[in-house]
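File shown here: target01.pdb, holding PDB, C-alpha atoms and all ligand atoms.
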```pdb
MODEL        1
ATOM      1  CA  MET A   1       0.495  -9.871 -25.734  1.00  0.00           C
ATOM      2  CA  ALA A   2      -0.370  -6.604 -23.941  1.00  0.00           C
ATOM      3  CA  MET A   3      -2.341  -6.944 -20.709  1.00  0.00           C
ATOM      4  CA  ASP A   4      -5.996  -5.855 -20.863  1.00  0.00           C
ATOM      5  CA  LYS A   5      -6.089  -3.057 -18.288  1.00  0.00           C
ATOM      6  CA  THR A   6      -9.893  -2.976 -18.173  1.00  0.00           C
ATOM      7  CA  LEU A   7      -9.813  -6.310 -16.323  1.00  0.00           C
ATOM      8  CA  ILE A   8      -8.365  -4.721 -13.201  1.00  0.00           C
ATOM      9  CA  ASP A   9     -10.867  -3.882 -10.485  1.00  0.00           C
ATOM     10  CA  MET A  10     -10.343  -0.316  -9.212  1.00  0.00           C
ATOM     11  CA  PRO A  11     -12.213   0.224  -5.936  1.00  0.00           C
ATOM     12  CA  LEU A  12     -11.241   3.922  -5.782  1.00  0.00           C
ATOM     13  CA  ALA A  13     -11.308   4.576  -9.528  1.00  0.00           C
ATOM     14  CA  ASP A  14     -12.203   8.266  -9.232  1.00  0.00           C
ATOM     15  CA  GLY A  15      -9.023   8.869  -7.231  1.00  0.00           C
ATOM     16  CA  GLU A  16      -6.678   6.995  -9.539  1.00  0.00           C
ATOM     17  CA  PRO A  17      -4.186   8.770 -11.809  1.00  0.00           C
ATOM     18  CA  PRO A  18      -4.671   8.371 -15.540  1.00  0.00           C
ATOM     19  CA  ILE A  19      -3.328   5.003 -16.678  1.00  0.00           C
ATOM     20  CA  ASP A  20      -0.726   6.882 -18.764  1.00  0.00           C
ATOM     21  CA  CYS A  21       0.142   9.424 -16.027  1.00  0.00           C
ATOM     22  CA  ARG A  22       3.426  11.143 -16.875  1.00  0.00           C
ATOM     23  CA  LEU A  23       3.714  13.557 -13.982  1.00  0.00           C
ATOM     24  CA  CYS A  24       6.987  11.854 -13.038  1.00  0.00           C
ATOM     25  CA  PRO A  25       9.010  11.824 -16.274  1.00  0.00           C
ATOM     26  CA  ARG A  26      11.657   9.415 -14.958  1.00  0.00           C
ATOM     27  CA  LEU A  27       9.054   6.853 -13.862  1.00  0.00           C
ATOM     28  CA  ALA A  28       7.039   7.227 -17.066  1.00  0.00           C
ATOM     29  CA  ALA A  29      10.197   6.617 -19.106  1.00  0.00           C
ATOM     30  CA  PHE A  30      11.001   3.549 -16.980  1.00  0.00           C
ATOM     31  CA  ARG A  31       7.494   2.191 -17.659  1.00  0.00           C
ATOM     32  CA  ASP A  32       7.986   2.756 -21.394  1.00  0.00           C
ATOM     33  CA  GLU A  33      11.284   0.877 -21.252  1.00  0.00           C
ATOM     34  CA  LEU A  34       9.741  -2.068 -19.428  1.00  0.00           C
ATOM     35  CA  ARG A  35       6.679  -2.089 -21.677  1.00  0.00           C
ATOM     36  CA  ALA A  36       8.976  -2.600 -24.669  1.00  0.00           C
ATOM     37  CA  GLU A  37      10.783  -5.388 -22.821  1.00  0.00           C
ATOM     38  CA  HIS A  38       7.699  -7.039 -21.256  1.00  0.00           C
ATOM     39  CA  PRO A  39       4.566  -6.090 -23.218  1.00  0.00           C
ATOM     40  CA  ASP A  40       2.522  -8.636 -21.250  1.00  0.00           C
ATOM     41  CA  TRP A  41       3.202  -6.886 -17.914  1.00  0.00           C
ATOM     42  CA  TRP A  42       0.980  -4.221 -16.332  1.00  0.00           C
ATOM     43  CA  ASN A  43       3.626  -1.433 -16.569  1.00  0.00           C
ATOM     44  CA  ALA A  44       1.317   1.388 -15.449  1.00  0.00           C
ATOM     45  CA  PRO A  45       0.286   3.117 -12.199  1.00  0.00           C
ATOM     46  CA  VAL A  46      -0.948   0.351  -9.902  1.00  0.00           C
ATOM     47  CA  PRO A  47      -4.433   1.040  -8.528  1.00  0.00           C
ATOM     48  CA  ALA A  48      -5.591   0.568  -4.937  1.00  0.00           C
ATOM     49  CA  PHE A  49      -6.794  -2.916  -4.031  1.00  0.00           C
ATOM     50  CA  GLY A  50      -9.346  -3.887  -1.431  1.00  0.00           C
ATOM     51  CA  ASP A  51     -12.539  -2.860   0.266  1.00  0.00           C
ATOM     52  CA  PRO A  52     -13.800   0.696  -0.438  1.00  0.00           C
ATOM     53  CA  ALA A  53     -15.650   0.516   2.911  1.00  0.00           C
ATOM     54  CA  ALA A  54     -12.380  -0.323   4.703  1.00  0.00           C
ATOM     55  CA  TRP A  55     -11.751   0.591   8.344  1.00  0.00           C
ATOM     56  CA  LEU A  56      -8.027  -0.091   7.831  1.00  0.00           C
ATOM     57  CA  GLY A  57      -5.786   1.361   5.137  1.00  0.00           C
ATOM     58  CA  ILE A  58      -2.387  -0.095   4.337  1.00  0.00           C
ATOM     59  CA  VAL A  59       0.051   2.327   2.732  1.00  0.00           C
ATOM     60  CA  GLY A  60       2.765   0.606   0.739  1.00  0.00           C
ATOM     61  CA  LEU A  61       5.857   2.108  -0.828  1.00  0.00           C
ATOM     62  CA  ALA A  62       5.607   1.497  -4.580  1.00  0.00           C
ATOM     63  CA  PRO A  63       5.039  -1.403  -6.982  1.00  0.00           C
ATOM     64  CA  GLY A  64       7.744  -4.052  -7.083  1.00  0.00           C
ATOM     65  CA  LYS A  65       9.178  -4.844 -10.501  1.00  0.00           C
ATOM     66  CA  HIS A  66       8.141  -8.500 -10.570  1.00  0.00           C
ATOM     67  CA  GLY A  67       5.186  -8.021  -8.259  1.00  0.00           C
ATOM     68  CA  ALA A  68       2.612  -5.265  -8.721  1.00  0.00           C
ATOM     69  CA  ASN A  69       4.283  -3.731 -11.763  1.00  0.00           C
ATOM     70  CA  ARG A  70       3.982  -7.084 -13.503  1.00  0.00           C
ATOM     71  CA  THR A  71       0.534  -8.162 -12.288  1.00  0.00           C
ATOM     72  CA  GLY A  72      -1.261  -4.816 -11.752  1.00  0.00           C
ATOM     73  CA  ARG A  73      -2.350  -5.482  -8.149  1.00  0.00           C
ATOM     74  CA  PRO A  74      -0.453  -4.167  -5.117  1.00  0.00           C
ATOM     75  CA  PHE A  75       1.889  -6.721  -3.501  1.00  0.00           C
ATOM     76  CA  THR A  76       0.778  -9.429  -5.907  1.00  0.00           C
ATOM     77  CA  GLY A  77       3.434 -11.713  -7.327  1.00  0.00           C
ATOM     78  CA  ASP A  78       6.454 -11.103  -5.142  1.00  0.00           C
ATOM     79  CA  TYR A  79       7.745 -12.045  -1.704  1.00  0.00           C
ATOM     80  CA  ALA A  80       6.345  -8.958   0.046  1.00  0.00           C
ATOM     81  CA  GLY A  81       2.880 -10.068  -1.044  1.00  0.00           C
ATOM     82  CA  ASP A  82       3.406 -13.600   0.258  1.00  0.00           C
ATOM     83  CA  LEU A  83       3.948 -12.253   3.764  1.00  0.00           C
ATOM     84  CA  LEU A  84       1.329  -9.491   3.596  1.00  0.00           C
ATOM     85  CA  PHE A  85      -1.490 -11.653   2.242  1.00  0.00           C
ATOM     86  CA  ALA A  86      -0.622 -14.557   4.573  1.00  0.00           C
ATOM     87  CA  THR A  87      -0.845 -12.128   7.484  1.00  0.00           C
ATOM     88  CA  LEU A  88      -4.161 -10.668   6.321  1.00  0.00           C
ATOM     89  CA  ASP A  89      -5.512 -14.209   5.974  1.00  0.00           C
ATOM     90  CA  LYS A  90      -4.330 -15.162   9.452  1.00  0.00           C
ATOM     91  CA  MET A  91      -5.980 -12.059  10.914  1.00  0.00           C
ATOM     92  CA  GLY A  92      -9.292 -12.795   9.175  1.00  0.00           C
ATOM     93  CA  LEU A  93      -8.975  -9.722   6.949  1.00  0.00           C
ATOM     94  CA  SER A  94      -9.254 -11.427   3.565  1.00  0.00           C
ATOM     95  CA  ARG A  95     -11.397 -13.984   1.826  1.00  0.00           C
ATOM     96  CA  GLY A  96     -10.318 -16.565  -0.705  1.00  0.00           C
ATOM     97  CA  GLN A  97      -6.908 -17.956  -1.446  1.00  0.00           C
ATOM     98  CA  TYR A  98      -4.028 -15.689  -2.462  1.00  0.00           C
ATOM     99  CA  ASP A  99      -2.324 -17.209  -5.467  1.00  0.00           C
ATOM    100  CA  ALA A 100      -0.122 -14.342  -6.730  1.00  0.00           C
ATOM    101  CA  ARG A 101      -2.431 -13.658  -9.693  1.00  0.00           C
ATOM    102  CA  ILE A 102      -4.982 -10.881 -10.151  1.00  0.00           C
ATOM    103  CA  ASP A 103      -7.617 -13.477 -11.040  1.00  0.00           C
ATOM    104  CA  ASP A 104      -7.063 -15.616  -7.920  1.00  0.00           C
ATOM    105  CA  GLY A 105     -10.405 -14.423  -6.490  1.00  0.00           C
ATOM    106  CA  LEU A 106      -8.835 -12.946  -3.335  1.00  0.00           C
ATOM    107  CA  THR A 107     -10.830 -10.142  -1.691  1.00  0.00           C
ATOM    108  CA  LEU A 108      -9.951  -8.022   1.320  1.00  0.00           C
ATOM    109  CA  ASP A 109     -12.405  -7.603   4.151  1.00  0.00           C
ATOM    110  CA  GLY A 110     -12.380  -4.159   5.770  1.00  0.00           C
ATOM    111  CA  VAL A 111      -8.921  -3.409   4.392  1.00  0.00           C
ATOM    112  CA  ILE A 112      -7.603  -1.468   1.425  1.00  0.00           C
ATOM    113  CA  ILE A 113      -4.037  -1.168   0.110  1.00  0.00           C
ATOM    114  CA  ILE A 114      -2.773   2.049  -1.490  1.00  0.00           C
ATOM    115  CA  ASN A 115       0.804   2.692  -2.537  1.00  0.00           C
ATOM    116  CA  ALA A 116       2.479   6.000  -1.690  1.00  0.00           C
ATOM    117  CA  VAL A 117       3.996   5.945  -5.191  1.00  0.00           C
ATOM    118  CA  LYS A 118       1.931   4.238  -7.856  1.00  0.00           C
ATOM    119  CA  CYS A 119       4.616   3.586 -10.460  1.00  0.00           C
ATOM    120  CA  LEU A 120       7.662   1.359 -10.238  1.00  0.00           C
ATOM    121  CA  PRO A 121      10.758   3.384  -9.316  1.00  0.00           C
ATOM    122  CA  PRO A 122      14.209   2.199 -10.457  1.00  0.00           C
ATOM    123  CA  GLN A 123      15.945   0.324  -7.582  1.00  0.00           C
ATOM    124  CA  ASN A 124      12.718   0.748  -5.558  1.00  0.00           C
ATOM    125  CA  LYS A 125      13.842   4.294  -4.761  1.00  0.00           C
ATOM    126  CA  PRO A 126      11.462   7.084  -5.692  1.00  0.00           C
ATOM    127  CA  THR A 127      12.822  10.636  -5.481  1.00  0.00           C
ATOM    128  CA  ALA A 128      11.355  13.186  -3.086  1.00  0.00           C
ATOM    129  CA  ALA A 129       9.745  14.961  -6.046  1.00  0.00           C
ATOM    130  CA  GLU A 130       8.087  11.735  -7.222  1.00  0.00           C
ATOM    131  CA  ILE A 131       6.764  10.952  -3.749  1.00  0.00           C
ATOM    132  CA  ASN A 132       5.374  14.484  -3.498  1.00  0.00           C
ATOM    133  CA  GLU A 133       3.810  14.283  -6.946  1.00  0.00           C
ATOM    134  CA  CYS A 134       2.023  11.012  -6.284  1.00  0.00           C
ATOM    135  CA  ARG A 135       0.788  12.160  -2.869  1.00  0.00           C
ATOM    136  CA  THR A 136      -1.961  13.982  -4.779  1.00  0.00           C
ATOM    137  CA  PHE A 137      -3.482  10.595  -5.571  1.00  0.00           C
ATOM    138  CA  LEU A 138      -2.835   9.119  -2.128  1.00  0.00           C
ATOM    139  CA  SER A 139      -4.653  12.112  -0.603  1.00  0.00           C
ATOM    140  CA  ARG A 140      -7.469  11.923  -3.077  1.00  0.00           C
ATOM    141  CA  GLN A 141      -8.014   8.248  -2.312  1.00  0.00           C
ATOM    142  CA  GLU A 142      -7.689   8.624   1.446  1.00  0.00           C
ATOM    143  CA  ALA A 143     -10.461  11.220   1.230  1.00  0.00           C
ATOM    144  CA  MET A 144     -12.641   8.573  -0.419  1.00  0.00           C
ATOM    145  CA  LEU A 145     -12.332   6.336   2.673  1.00  0.00           C
ATOM    146  CA  PRO A 146     -14.451   7.972   5.374  1.00  0.00           C
ATOM    147  CA  ARG A 147     -14.603   4.793   7.452  1.00  0.00           C
ATOM    148  CA  ALA A 148     -10.835   4.257   7.488  1.00  0.00           C
ATOM    149  CA  ARG A 149      -9.675   5.607  10.843  1.00  0.00           C
ATOM    150  CA  ILE A 150      -6.556   3.450  11.164  1.00  0.00           C
ATOM    151  CA  PHE A 151      -3.672   3.205   8.685  1.00  0.00           C
ATOM    152  CA  ILE A 152      -0.568   1.026   8.654  1.00  0.00           C
ATOM    153  CA  ALA A 153       2.479   2.487   6.891  1.00  0.00           C
ATOM    154  CA  LEU A 154       4.855  -0.090   5.466  1.00  0.00           C
ATOM    155  CA  GLY A 155       8.277   1.545   5.731  1.00  0.00           C
ATOM    156  CA  LYS A 156       9.497   5.073   6.317  1.00  0.00           C
ATOM    157  CA  ILE A 157       8.715   6.442   2.857  1.00  0.00           C
ATOM    158  CA  ALA A 158       5.049   5.465   3.210  1.00  0.00           C
ATOM    159  CA  HIS A 159       5.046   6.794   6.780  1.00  0.00           C
ATOM    160  CA  ASP A 160       6.530  10.165   5.792  1.00  0.00           C
ATOM    161  CA  SER A 161       4.225  10.625   2.848  1.00  0.00           C
ATOM    162  CA  PHE A 162       1.145   9.797   4.902  1.00  0.00           C
ATOM    163  CA  VAL A 163       2.175  12.119   7.750  1.00  0.00           C
ATOM    164  CA  ARG A 164       2.700  14.933   5.242  1.00  0.00           C
ATOM    165  CA  HIS A 165      -0.648  14.166   3.642  1.00  0.00           C
ATOM    166  CA  ALA A 166      -2.283  14.448   7.081  1.00  0.00           C
ATOM    167  CA  GLY A 167      -0.626  17.836   7.663  1.00  0.00           C
ATOM    168  CA  GLY A 168       1.834  16.602  10.300  1.00  0.00           C
ATOM    169  CA  ARG A 169       5.463  17.638  10.838  1.00  0.00           C
ATOM    170  CA  LEU A 170       7.784  14.691  10.385  1.00  0.00           C
ATOM    171  CA  ALA A 171       9.804  15.623  13.486  1.00  0.00           C
ATOM    172  CA  ALA A 172       6.660  15.247  15.581  1.00  0.00           C
ATOM    173  CA  TYR A 173       5.917  11.773  14.204  1.00  0.00           C
ATOM    174  CA  PRO A 174       9.145   9.742  14.071  1.00  0.00           C
ATOM    175  CA  PHE A 175       8.968   6.422  12.267  1.00  0.00           C
ATOM    176  CA  GLY A 176       9.427   3.300  14.380  1.00  0.00           C
ATOM    177  CA  HIS A 177       8.294  -0.277  13.957  1.00  0.00           C
ATOM    178  CA  ASP A 178       4.976  -0.900  15.747  1.00  0.00           C
ATOM    179  CA  ARG A 179       4.875   2.760  16.800  1.00  0.00           C
ATOM    180  CA  GLN A 180       1.434   4.319  16.951  1.00  0.00           C
ATOM    181  CA  HIS A 181       0.675   7.972  16.113  1.00  0.00           C
ATOM    182  CA  ARG A 182      -2.450  10.079  16.348  1.00  0.00           C
ATOM    183  CA  LEU A 183      -2.318  12.361  13.311  1.00  0.00           C
ATOM    184  CA  PRO A 184      -3.566  15.969  13.242  1.00  0.00           C
ATOM    185  CA  ASP A 185      -6.741  14.859  11.461  1.00  0.00           C
ATOM    186  CA  GLY A 186      -7.495  12.370  14.273  1.00  0.00           C
ATOM    187  CA  ARG A 187      -6.645   9.235  12.305  1.00  0.00           C
ATOM    188  CA  ILE A 188      -4.287   6.694  13.776  1.00  0.00           C
ATOM    189  CA  LEU A 189      -1.120   5.664  11.966  1.00  0.00           C
ATOM    190  CA  ILE A 190       0.808   2.536  12.937  1.00  0.00           C
ATOM    191  CA  ASP A 191       4.264   2.006  11.468  1.00  0.00           C
ATOM    192  CA  SER A 192       5.774  -1.246  10.327  1.00  0.00           C
ATOM    193  CA  TYR A 193       9.015  -2.168   8.708  1.00  0.00           C
ATOM    194  CA  HIS A 194       8.284  -2.997   5.096  1.00  0.00           C
ATOM    195  CA  CYS A 195       7.487  -6.677   4.518  1.00  0.00           C
ATOM    196  CA  SER A 196      10.211  -6.952   1.859  1.00  0.00           C
ATOM    197  CA  ARG A 197      12.321 -10.024   1.358  1.00  0.00           C
ATOM    198  CA  TYR A 198      15.390  -8.017   2.390  1.00  0.00           C
ATOM    199  CA  ASN A 199      13.870  -7.074   5.756  1.00  0.00           C
ATOM    200  CA  THR A 200      12.754 -10.610   6.534  1.00  0.00           C
ATOM    201  CA  ASN A 201      15.986 -12.215   5.306  1.00  0.00           C
ATOM    202  CA  THR A 202      18.033  -9.931   7.533  1.00  0.00           C
ATOM    203  CA  GLY A 203      15.758 -10.565  10.520  1.00  0.00           C
ATOM    204  CA  ARG A 204      14.774  -6.905  10.737  1.00  0.00           C
ATOM    205  CA  LEU A 205      11.159  -8.007  10.396  1.00  0.00           C
ATOM    206  CA  THR A 206       9.778 -11.384  11.443  1.00  0.00           C
ATOM    207  CA  ALA A 207       6.313 -12.740  10.724  1.00  0.00           C
ATOM    208  CA  ALA A 208       5.521 -12.381  14.442  1.00  0.00           C
ATOM    209  CA  MET A 209       6.574  -8.713  14.441  1.00  0.00           C
ATOM    210  CA  PHE A 210       4.432  -8.068  11.387  1.00  0.00           C
ATOM    211  CA  GLU A 211       1.429  -9.833  12.891  1.00  0.00           C
ATOM    212  CA  ALA A 212       1.791  -7.751  16.055  1.00  0.00           C
ATOM    213  CA  VAL A 213       1.213  -4.594  14.009  1.00  0.00           C
ATOM    214  CA  PHE A 214      -2.076  -5.964  12.656  1.00  0.00           C
ATOM    215  CA  GLU A 215      -3.086  -7.205  16.091  1.00  0.00           C
ATOM    216  CA  ARG A 216      -2.571  -3.662  17.350  1.00  0.00           C
ATOM    217  CA  ALA A 217      -4.774  -2.307  14.564  1.00  0.00           C
ATOM    218  CA  LEU A 218      -7.511  -4.843  15.331  1.00  0.00           C
ATOM    219  CA  SER A 219      -7.422  -4.065  19.014  1.00  0.00           C
ATOM    220  CA  LEU A 220      -7.571  -0.317  18.299  1.00  0.00           C
ATOM    221  CA  ARG A 221     -10.551  -0.888  16.027  1.00  0.00           C
ATOM    222  CA  ASP A 222     -12.343  -2.826  18.754  1.00  0.00           C
ATOM    223  CA  GLY A 223     -11.605   0.008  21.182  1.00  0.00           C
ATOM    224  CA  LEU A 224     -12.948   2.613  18.756  1.00  0.00           C
ATOM    225  CA  ASP A 225     -16.071   0.506  18.174  1.00  0.00           C
ATOM    226  CA  ALA A 226     -16.633   0.169  21.923  1.00  0.00           C
ATOM    227  CA  THR A 227     -16.254   3.940  22.360  1.00  0.00           C
ATOM    228  CA  ARG A 228     -18.742   4.557  19.567  1.00  0.00           C
ATOM    229  CA  GLU A 229     -21.236   2.216  21.198  1.00  0.00           C
ATOM    230  CA  THR A 230     -21.090   4.136  24.474  1.00  0.00           C
ATOM    231  CA  ASP A 231     -21.336   7.595  22.814  1.00  0.00           C
TER     232      ASP A 231
HETATM  233  S1  LIG A 301       4.209   7.893  -9.612  1.00  0.00           S
HETATM  234 FE1  LIG A 301       2.143   8.748  -9.452  1.00  0.00          FE
HETATM  235  S2  LIG A 301       2.320  10.902 -10.082  1.00  0.00           S
HETATM  236 FE2  LIG A 301       4.176   9.817 -10.768  1.00  0.00          FE
HETATM  237  S3  LIG A 301       3.758   9.183 -12.882  1.00  0.00           S
HETATM  238 FE3  LIG A 301       3.153   7.483 -11.557  1.00  0.00          FE
HETATM  239  S4  LIG A 301       0.979   7.810 -11.103  1.00  0.00           S
HETATM  240 FE4  LIG A 301       1.780   9.723 -11.933  1.00  0.00          FE
ENDMDL
END
```

As structure tokens, how would this structure be written, given the file I've shared?
Ligand code: SF4
Amino acid sequence: MAMDKTLIDMPLADGEPPIDCRLCPRLAAFRDELRAEHPDWWNAPVPAFGDPAAWLGIVGLAPGKHGANRTGRPFTGDYAGDLLFATLDKMGLSRGQYDARIDDGLTLDGVIIINAVKCLPPQNKPTAAEINECRTFLSRQEAMLPRARIFIALGKIAHDSFVRHAGGRLAAYPFGHDRQHRLPDGRILIDSYHCSRYNTNTGRLTAAMFEAVFERALSLRDGLDATRETD
């Protein structure tokens, strides 16, 4: 049975692409293929998830085949989500219990997740043209988040796309795990290795390393709040 797409909560609905967006022909064709194979999956651009009044934005890469592309919520249903949502819970940035389903009742507190590319790319590898195309929606949604002054980029593709969106030159903002950048528009970007199963299995990213990135964001937020109070 086809999934009822009206059931998905879209906190930044006005910035979302059309549910049948075909600006990237290769990705649209891949969705069509998977829809025929798995009619009960989401198989559409995956909308942002979280708090529209967020102070922290998380920029992911793209939906995973058995995660967001199946369930319709970023990072929901695959290993990357297990680590991300466990970390958000530990940091006090979510409410409810994550259970890998869109109807698990989980909500994010002060945080929103947006993917740099909203459709599933074959082999998790979007082309440069696809990343550029979907940046229109990333930019549109970032503009709808006036309170979000800190962003975490999960992986280099998300980092590069967000730097470009902010008008920065990539050479001036090299990606590095737990590296912090002040972007031309004044927002702060913190990089993290992507919380994929591959990165954790190979030891490139540990839970402690991932938590450190969020601890940095929380401490920056507290610093910004303190500055605002003394203005
Ligand atoms: S990746 Fe983005 S721009 Fe490309 S088809 Fe999907 S929603 Fe449209």

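Using only C-alpha atoms, the shortest contact distance between A:Arg26 and any of A:Leu61, A:Ala53, A:Ala129, A:Ala171 is found at A:Ala129.
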
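Here the PyMOL selection byres (((chain A and resi 212) around 12) and not hetatm) matches the residues A:Thr87, A:Leu88, A:Lys90, A:Met91, A:Ile152, A:His177, A:Asp178, A:Arg179, A:Ile190, A:Asp191, A:Ser192, A:Tyr193, A:Leu205, A:Thr206, A:Ala207, A:Ala208, A:Met209, A:Phe210, A:Glu211, A:Val213, A:Phe214, A:Glu215, A:Arg216, A:Ala217, A:Leu218, A:Ser219.
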
Residue by residue, what does the PyMOL selection byres (((not hetatm)) within 8 of (chain A and resi 301)) grab here? Present the result as a PDB file with C-alpha atoms, in the frame of the given file.
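The result, written out as part.pdb:
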```
ATOM      1  CA  GLU A  16      -6.678   6.995  -9.539  1.00  0.00           C
ATOM      2  CA  PRO A  17      -4.186   8.770 -11.809  1.00  0.00           C
ATOM      3  CA  PRO A  18      -4.671   8.371 -15.540  1.00  0.00           C
ATOM      4  CA  ILE A  19      -3.328   5.003 -16.678  1.00  0.00           C
ATOM      5  CA  ASP A  20      -0.726   6.882 -18.764  1.00  0.00           C
ATOM      6  CA  CYS A  21       0.142   9.424 -16.027  1.00  0.00           C
ATOM      7  CA  ARG A  22       3.426  11.143 -16.875  1.00  0.00           C
ATOM      8  CA  LEU A  23       3.714  13.557 -13.982  1.00  0.00           C
ATOM      9  CA  CYS A  24       6.987  11.854 -13.038  1.00  0.00           C
ATOM     10  CA  PRO A  25       9.010  11.824 -16.274  1.00  0.00           C
ATOM     11  CA  LEU A  27       9.054   6.853 -13.862  1.00  0.00           C
ATOM     12  CA  ALA A  28       7.039   7.227 -17.066  1.00  0.00           C
ATOM     13  CA  ALA A  44       1.317   1.388 -15.449  1.00  0.00           C
ATOM     14  CA  PRO A  45       0.286   3.117 -12.199  1.00  0.00           C
ATOM     15  CA  VAL A  46      -0.948   0.351  -9.902  1.00  0.00           C
ATOM     16  CA  VAL A 117       3.996   5.945  -5.191  1.00  0.00           C
ATOM     17  CA  LYS A 118       1.931   4.238  -7.856  1.00  0.00           C
ATOM     18  CA  CYS A 119       4.616   3.586 -10.460  1.00  0.00           C
ATOM     19  CA  LEU A 120       7.662   1.359 -10.238  1.00  0.00           C
ATOM     20  CA  PRO A 121      10.758   3.384  -9.316  1.00  0.00           C
ATOM     21  CA  GLU A 130       8.087  11.735  -7.222  1.00  0.00           C
ATOM     22  CA  ILE A 131       6.764  10.952  -3.749  1.00  0.00           C
ATOM     23  CA  GLU A 133       3.810  14.283  -6.946  1.00  0.00           C
ATOM     24  CA  CYS A 134       2.023  11.012  -6.284  1.00  0.00           C
ATOM     25  CA  ARG A 135       0.788  12.160  -2.869  1.00  0.00           C
ATOM     26  CA  THR A 136      -1.961  13.982  -4.779  1.00  0.00           C
ATOM     27  CA  PHE A 137      -3.482  10.595  -5.571  1.00  0.00           C
TER      28      PHE A 137
END
```

**Message:** Selection in question (the file shown): the PyMOL selection byres (((chain A and resi 68-82) around 10) and not hetatm). Which residues does it include, as a count of residues only?
**Reply:** 55

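Of the residues under consideration (A:Ala36, A:Ala148, A:Ala128, A:Leu154), A:Leu154 shows the shortest atom-to-atom contact distance to A:Val59 when counting only C-alpha atoms.
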
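Taking atom CA of A:Leu12 and atom CA of A:Arg95 as endpoints, the distance between them is 19.5 Å.
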
**Request:** Tell me, as a ChimeraX atom specification, which residues lie within 9 Å of A:Gly96, counting all atoms listed in the file; anything in the same chain fewer than 6 positions away does not count.
**Result:** /A:89,104-108

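Among the candidate residues A:Ile112, A:Gly15, A:Phe175, A:Asp225, the one lying nearest to A:Gly155 is A:Phe175, with distances computed using only C-alpha atoms.
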
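Closest approach to A:Arg221 among A:Arg204, A:Arg187, A:Arg149, A:Arg169 is made by A:Arg149 (distances from all atoms listed in the file).
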
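Note that atom CA of A:Asp109 and atom CA of A:Arg140 are 21.4 Å apart.
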
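You will find atom CA of A:Phe162 at 15.0 Å from atom CA of A:Pro126.
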
**Message:** Just checking: using all atoms listed in the file, which residue out of A:Ala29, A:Ile58, A:Leu138, A:Ala158 ends up closest to A:Asp14?
**Reply:** A:Leu138
